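upload36.pdb (PDB, C-alpha atoms)
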```pdb
ATOM      1  CA  SER A   1      83.156 -22.209  21.664  1.00  0.00           C
ATOM      2  CA  VAL A   2      84.533 -20.733  18.439  1.00  0.00           C
ATOM      3  CA  PHE A   3      88.076 -21.103  19.792  1.00  0.00           C
ATOM      4  CA  ALA A   4      87.550 -24.768  20.718  1.00  0.00           C
ATOM      5  CA  PHE A   5      85.911 -25.466  17.342  1.00  0.00           C
ATOM      6  CA  ASP A   6      88.509 -23.592  15.264  1.00  0.00           C
ATOM      7  CA  HIS A   7      91.367 -25.368  17.033  1.00  0.00           C
ATOM      8  CA  ARG A   8      89.574 -28.745  17.050  1.00  0.00           C
ATOM      9  CA  LEU A   9      90.103 -29.034  20.775  1.00  0.00           C
ATOM     10  CA  GLY A  10      86.692 -30.360  21.754  1.00  0.00           C
ATOM     11  CA  TYR A  11      83.152 -29.316  22.567  1.00  0.00           C
ATOM     12  CA  ILE A  12      81.792 -26.546  24.751  1.00  0.00           C
ATOM     13  CA  LEU A  13      78.498 -27.432  26.407  1.00  0.00           C
ATOM     14  CA  VAL A  14      76.232 -24.776  27.911  1.00  0.00           C
ATOM     15  CA  ALA A  15      74.124 -26.285  30.706  1.00  0.00           C
ATOM     16  CA  GLY A  16      74.667 -29.497  28.778  1.00  0.00           C
ATOM     17  CA  PRO A  17      73.414 -33.023  29.260  1.00  0.00           C
ATOM     18  CA  GLY A  18      75.086 -33.445  32.626  1.00  0.00           C
ATOM     19  CA  PHE A  19      77.911 -35.705  33.705  1.00  0.00           C
ATOM     20  CA  ILE A  20      77.771 -38.825  35.842  1.00  0.00           C
ATOM     21  CA  LEU A  21      80.840 -38.429  38.024  1.00  0.00           C
ATOM     22  CA  ARG A  22      80.401 -41.544  40.134  1.00  0.00           C
ATOM     23  CA  ARG A  23      78.214 -44.666  40.370  1.00  0.00           C
ATOM     24  CA  ASP A  24      76.689 -46.331  43.454  1.00  0.00           C
ATOM     25  CA  PRO A  25      75.617 -43.895  44.639  1.00  0.00           C
ATOM     26  CA  ASP A  26      75.239 -41.936  41.436  1.00  0.00           C
ATOM     27  CA  THR A  27      76.641 -38.421  41.485  1.00  0.00           C
ATOM     28  CA  MET A  28      75.516 -36.282  38.570  1.00  0.00           C
ATOM     29  CA  VAL A  29      76.391 -32.649  37.896  1.00  0.00           C
ATOM     30  CA  SER A  30      75.453 -30.197  35.201  1.00  0.00           C
ATOM     31  CA  PRO A  31      77.903 -27.277  35.210  1.00  0.00           C
ATOM     32  CA  ASP A  32      76.790 -23.947  33.784  1.00  0.00           C
ATOM     33  CA  LEU A  33      79.404 -24.413  31.068  1.00  0.00           C
ATOM     34  CA  SER A  34      81.775 -27.272  30.357  1.00  0.00           C
ATOM     35  CA  PHE A  35      84.425 -28.373  27.902  1.00  0.00           C
ATOM     36  CA  VAL A  36      85.244 -31.932  26.851  1.00  0.00           C
ATOM     37  CA  ALA A  37      88.352 -32.628  24.769  1.00  0.00           C
ATOM     38  CA  THR A  38      87.778 -34.283  21.400  1.00  0.00           C
ATOM     39  CA  ASP A  39      89.637 -37.461  22.347  1.00  0.00           C
ATOM     40  CA  ARG A  40      87.392 -37.958  25.400  1.00  0.00           C
ATOM     41  CA  LEU A  41      84.007 -37.448  23.761  1.00  0.00           C
ATOM     42  CA  PRO A  42      81.552 -40.319  24.088  1.00  0.00           C
ATOM     43  CA  PRO A  43      80.758 -42.048  20.775  1.00  0.00           C
ATOM     44  CA  PRO A  44      78.075 -40.173  18.768  1.00  0.00           C
ATOM     45  CA  GLY A  45      75.332 -42.649  19.711  1.00  0.00           C
ATOM     46  CA  GLN A  46      76.053 -42.168  23.415  1.00  0.00           C
ATOM     47  CA  ARG A  47      75.849 -38.371  23.557  1.00  0.00           C
ATOM     48  CA  VAL A  48      72.189 -38.272  24.589  1.00  0.00           C
ATOM     49  CA  GLY A  49      71.499 -37.893  28.278  1.00  0.00           C
ATOM     50  CA  PRO A  50      74.165 -37.607  30.968  1.00  0.00           C
ATOM     51  CA  TRP A  51      77.693 -38.463  29.881  1.00  0.00           C
ATOM     52  CA  PRO A  52      79.551 -41.041  32.011  1.00  0.00           C
ATOM     53  CA  ILE A  53      82.716 -38.912  32.253  1.00  0.00           C
ATOM     54  CA  ALA A  54      83.941 -35.807  34.036  1.00  0.00           C
ATOM     55  CA  PRO A  55      84.374 -32.728  31.845  1.00  0.00           C
ATOM     56  CA  ASP A  56      87.915 -31.468  31.287  1.00  0.00           C
ATOM     57  CA  LEU A  57      86.785 -27.963  32.288  1.00  0.00           C
ATOM     58  CA  ALA A  58      83.737 -27.162  34.400  1.00  0.00           C
ATOM     59  CA  VAL A  59      82.509 -23.604  34.875  1.00  0.00           C
ATOM     60  CA  GLU A  60      80.198 -22.890  37.791  1.00  0.00           C
ATOM     61  CA  VAL A  61      78.561 -19.461  38.059  1.00  0.00           C
ATOM     62  CA  VAL A  62      77.773 -18.577  41.666  1.00  0.00           C
ATOM     63  CA  SER A  63      74.275 -17.181  42.149  1.00  0.00           C
ATOM     64  CA  PRO A  64      73.304 -15.021  45.143  1.00  0.00           C
ATOM     65  CA  SER A  65      71.428 -17.964  46.687  1.00  0.00           C
ATOM     66  CA  ASP A  66      74.379 -20.398  46.432  1.00  0.00           C
ATOM     67  CA  ARG A  67      75.968 -21.297  49.744  1.00  0.00           C
ATOM     68  CA  SER A  68      79.756 -21.467  49.792  1.00  0.00           C
ATOM     69  CA  CYS A  69      79.650 -25.057  51.112  1.00  0.00           C
ATOM     70  CA  LEU A  70      77.575 -26.111  48.069  1.00  0.00           C
ATOM     71  CA  VAL A  71      80.017 -24.440  45.679  1.00  0.00           C
ATOM     72  CA  SER A  72      82.951 -26.116  47.454  1.00  0.00           C
ATOM     73  CA  ALA A  73      81.192 -29.487  47.232  1.00  0.00           C
ATOM     74  CA  LYS A  74      80.680 -29.030  43.473  1.00  0.00           C
ATOM     75  CA  VAL A  75      84.341 -28.147  42.969  1.00  0.00           C
ATOM     76  CA  SER A  76      85.437 -31.183  44.998  1.00  0.00           C
ATOM     77  CA  ALA A  77      83.074 -33.510  43.119  1.00  0.00           C
ATOM     78  CA  HIS A  78      84.454 -32.340  39.768  1.00  0.00           C
ATOM     79  CA  LEU A  79      88.091 -32.659  40.825  1.00  0.00           C
ATOM     80  CA  ASP A  80      87.557 -36.019  42.558  1.00  0.00           C
ATOM     81  CA  ALA A  81      86.052 -37.378  39.324  1.00  0.00           C
ATOM     82  CA  GLY A  82      89.036 -36.299  37.212  1.00  0.00           C
ATOM     83  CA  CYS A  83      88.032 -32.850  35.964  1.00  0.00           C
ATOM     84  CA  ARG A  84      91.291 -31.056  35.203  1.00  0.00           C
ATOM     85  CA  LEU A  85      90.162 -27.459  35.676  1.00  0.00           C
ATOM     86  CA  VAL A  86      87.201 -25.810  37.423  1.00  0.00           C
ATOM     87  CA  TRP A  87      86.414 -22.115  37.081  1.00  0.00           C
ATOM     88  CA  VAL A  88      84.144 -20.617  39.731  1.00  0.00           C
ATOM     89  CA  VAL A  89      82.699 -17.350  38.420  1.00  0.00           C
ATOM     90  CA  GLU A  90      81.523 -14.943  41.109  1.00  0.00           C
ATOM     91  CA  PRO A  91      79.556 -12.085  39.499  1.00  0.00           C
ATOM     92  CA  ARG A  92      79.038 -10.203  42.771  1.00  0.00           C
ATOM     93  CA  ARG A  93      82.786 -10.087  43.440  1.00  0.00           C
ATOM     94  CA  ARG A  94      83.660  -9.939  39.746  1.00  0.00           C
ATOM     95  CA  THR A  95      86.276 -12.651  40.177  1.00  0.00           C
ATOM     96  CA  VAL A  96      86.998 -16.097  38.787  1.00  0.00           C
ATOM     97  CA  THR A  97      88.695 -18.729  40.916  1.00  0.00           C
ATOM     98  CA  ALA A  98      90.541 -21.381  38.924  1.00  0.00           C
ATOM     99  CA  TRP A  99      90.875 -24.754  40.642  1.00  0.00           C
ATOM    100  CA  MET A 100      93.413 -27.150  39.164  1.00  0.00           C
ATOM    101  CA  SER A 101      93.395 -30.928  39.493  1.00  0.00           C
ATOM    102  CA  ASP A 102      96.139 -30.734  42.134  1.00  0.00           C
ATOM    103  CA  ARG A 103      93.704 -28.747  44.334  1.00  0.00           C
ATOM    104  CA  LEU A 104      95.670 -25.519  44.000  1.00  0.00           C
ATOM    105  CA  SER A 105      93.566 -22.471  43.259  1.00  0.00           C
ATOM    106  CA  GLN A 106      94.132 -18.953  42.029  1.00  0.00           C
ATOM    107  CA  VAL A 107      91.755 -16.000  42.168  1.00  0.00           C
ATOM    108  CA  PHE A 108      91.647 -13.799  39.071  1.00  0.00           C
ATOM    109  CA  ARG A 109      90.330 -10.240  39.230  1.00  0.00           C
ATOM    110  CA  GLU A 110      88.900  -8.062  36.469  1.00  0.00           C
ATOM    111  CA  ASP A 111      92.241  -6.753  35.233  1.00  0.00           C
ATOM    112  CA  GLU A 112      93.784 -10.232  35.031  1.00  0.00           C
ATOM    113  CA  THR A 113      93.879 -12.827  32.265  1.00  0.00           C
ATOM    114  CA  LEU A 114      92.621 -16.349  32.681  1.00  0.00           C
ATOM    115  CA  ASP A 115      93.967 -19.084  30.423  1.00  0.00           C
ATOM    116  CA  GLY A 116      92.951 -22.594  29.488  1.00  0.00           C
ATOM    117  CA  GLY A 117      96.264 -24.099  30.568  1.00  0.00           C
ATOM    118  CA  ASP A 118      96.852 -27.583  29.211  1.00  0.00           C
ATOM    119  CA  VAL A 119      93.073 -28.160  29.082  1.00  0.00           C
ATOM    120  CA  MET A 120      92.463 -25.596  26.307  1.00  0.00           C
ATOM    121  CA  PRO A 121      95.963 -24.640  25.105  1.00  0.00           C
ATOM    122  CA  GLY A 122      96.196 -21.117  23.719  1.00  0.00           C
ATOM    123  CA  TYR A 123      92.842 -19.934  25.078  1.00  0.00           C
ATOM    124  CA  THR A 124      92.921 -16.688  27.061  1.00  0.00           C
ATOM    125  CA  VAL A 125      90.227 -14.326  28.286  1.00  0.00           C
ATOM    126  CA  THR A 126      90.354 -11.372  30.629  1.00  0.00           C
ATOM    127  CA  VAL A 127      88.053 -11.565  33.602  1.00  0.00           C
ATOM    128  CA  SER A 128      86.524  -8.248  32.534  1.00  0.00           C
ATOM    129  CA  GLN A 129      85.552  -9.858  29.195  1.00  0.00           C
ATOM    130  CA  ILE A 130      83.699 -12.582  31.078  1.00  0.00           C
ATOM    131  CA  PHE A 131      81.648  -9.959  32.870  1.00  0.00           C
ATOM    132  CA  GLU A 132      80.911  -7.946  29.716  1.00  0.00           C
ATOM    133  CA  SER A 133      78.099 -10.405  28.996  1.00  0.00           C
ATOM    134  CA  THR A 134      74.846 -10.061  30.839  1.00  0.00           C
ATOM    135  CA  TRP A 135      74.722 -12.182  33.983  1.00  0.00           C
TER     136      TRP A 135
END
```

As structure tokens - that is how I would like this structure written.
Amino acid sequence: SVFAFDHRLGYILVAGPGFILRRDPDTMVSPDLSFVATDRLPPPGQRVGPWPIAPDLAVEVVSPSDRSCLVSAKVSAHLDAGCRLVWVVEPRRRTVTAWMSDRLSQVFREDETLDGGDVMPGYTVTVSQIFESTW
């Protein structure tokens, strides 16, 4: 979040207010971590409760009880709604899968570096750094 703040890129939300990805029927998600670019933020008075936009980056951390079909459905829902990048963090495998808006994906292992692409330009983190925190 310091990187996004220092570079005035946008806001990082940790288990934030949620995002309404679609209406009728409503589809709402609340990623474990998300990023919304400054130019896409809802007006200050509309930042309470779920936001009616898709995040630019959604990060989903897979728990041992998560079924792969549920994780795939979350990724699809984000991308279908216009999310530009989804990171799926798998602590048991110690990998991060990056899904881009064109539905291409890449698996990153501990010795590899993940970057924010055009969503968070200039941001990089090694997968091992992600797992240095307590999960």

Could you give me, as a PyMOL selection string, the residues that have an atom at most 10 Å away from the point (90.7, -13.3, 32.3) in the coordinates of the file, using only C-alpha atoms?
chain A and resi 95-96+108-116+124-131

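On the file presented, the PyMOL selection byres ((chain A and resi 119) around 8) picks out A:Ala37, A:Asp56, A:Leu57, A:Arg84, A:Leu85, A:Gly116, A:Gly117, A:Asp118, A:Met120, A:Pro121.
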
At what distance in Å, to one decimal, does CA of Ala58 in chain A lie from CA of Ser34 in chain A?
4.5 Å

Shell of 9 Å around Val36 in chain A, all atoms listed in the file, local chain residues under 3 positions omitted, as a PyMOL selection string:
chain A and resi 9-13+39-41+54-57+119

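Among the candidates A:Pro91, A:Pro50, A:Gly82, A:Pro42, the one nearest to Ser63 in chain A when counting all atoms listed in the file is A:Pro91.
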
Applying the PyMOL selection byres ((chain A and resi 69-77) around 8) to the file I just gave you, which residues come out? Please list them as a ChimeraX atom specification.
/A:21,29,62,66-68,78-81,86,99

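CA of Pro25 in chain A lies 28.2 Å from CA of Val89 in chain A.
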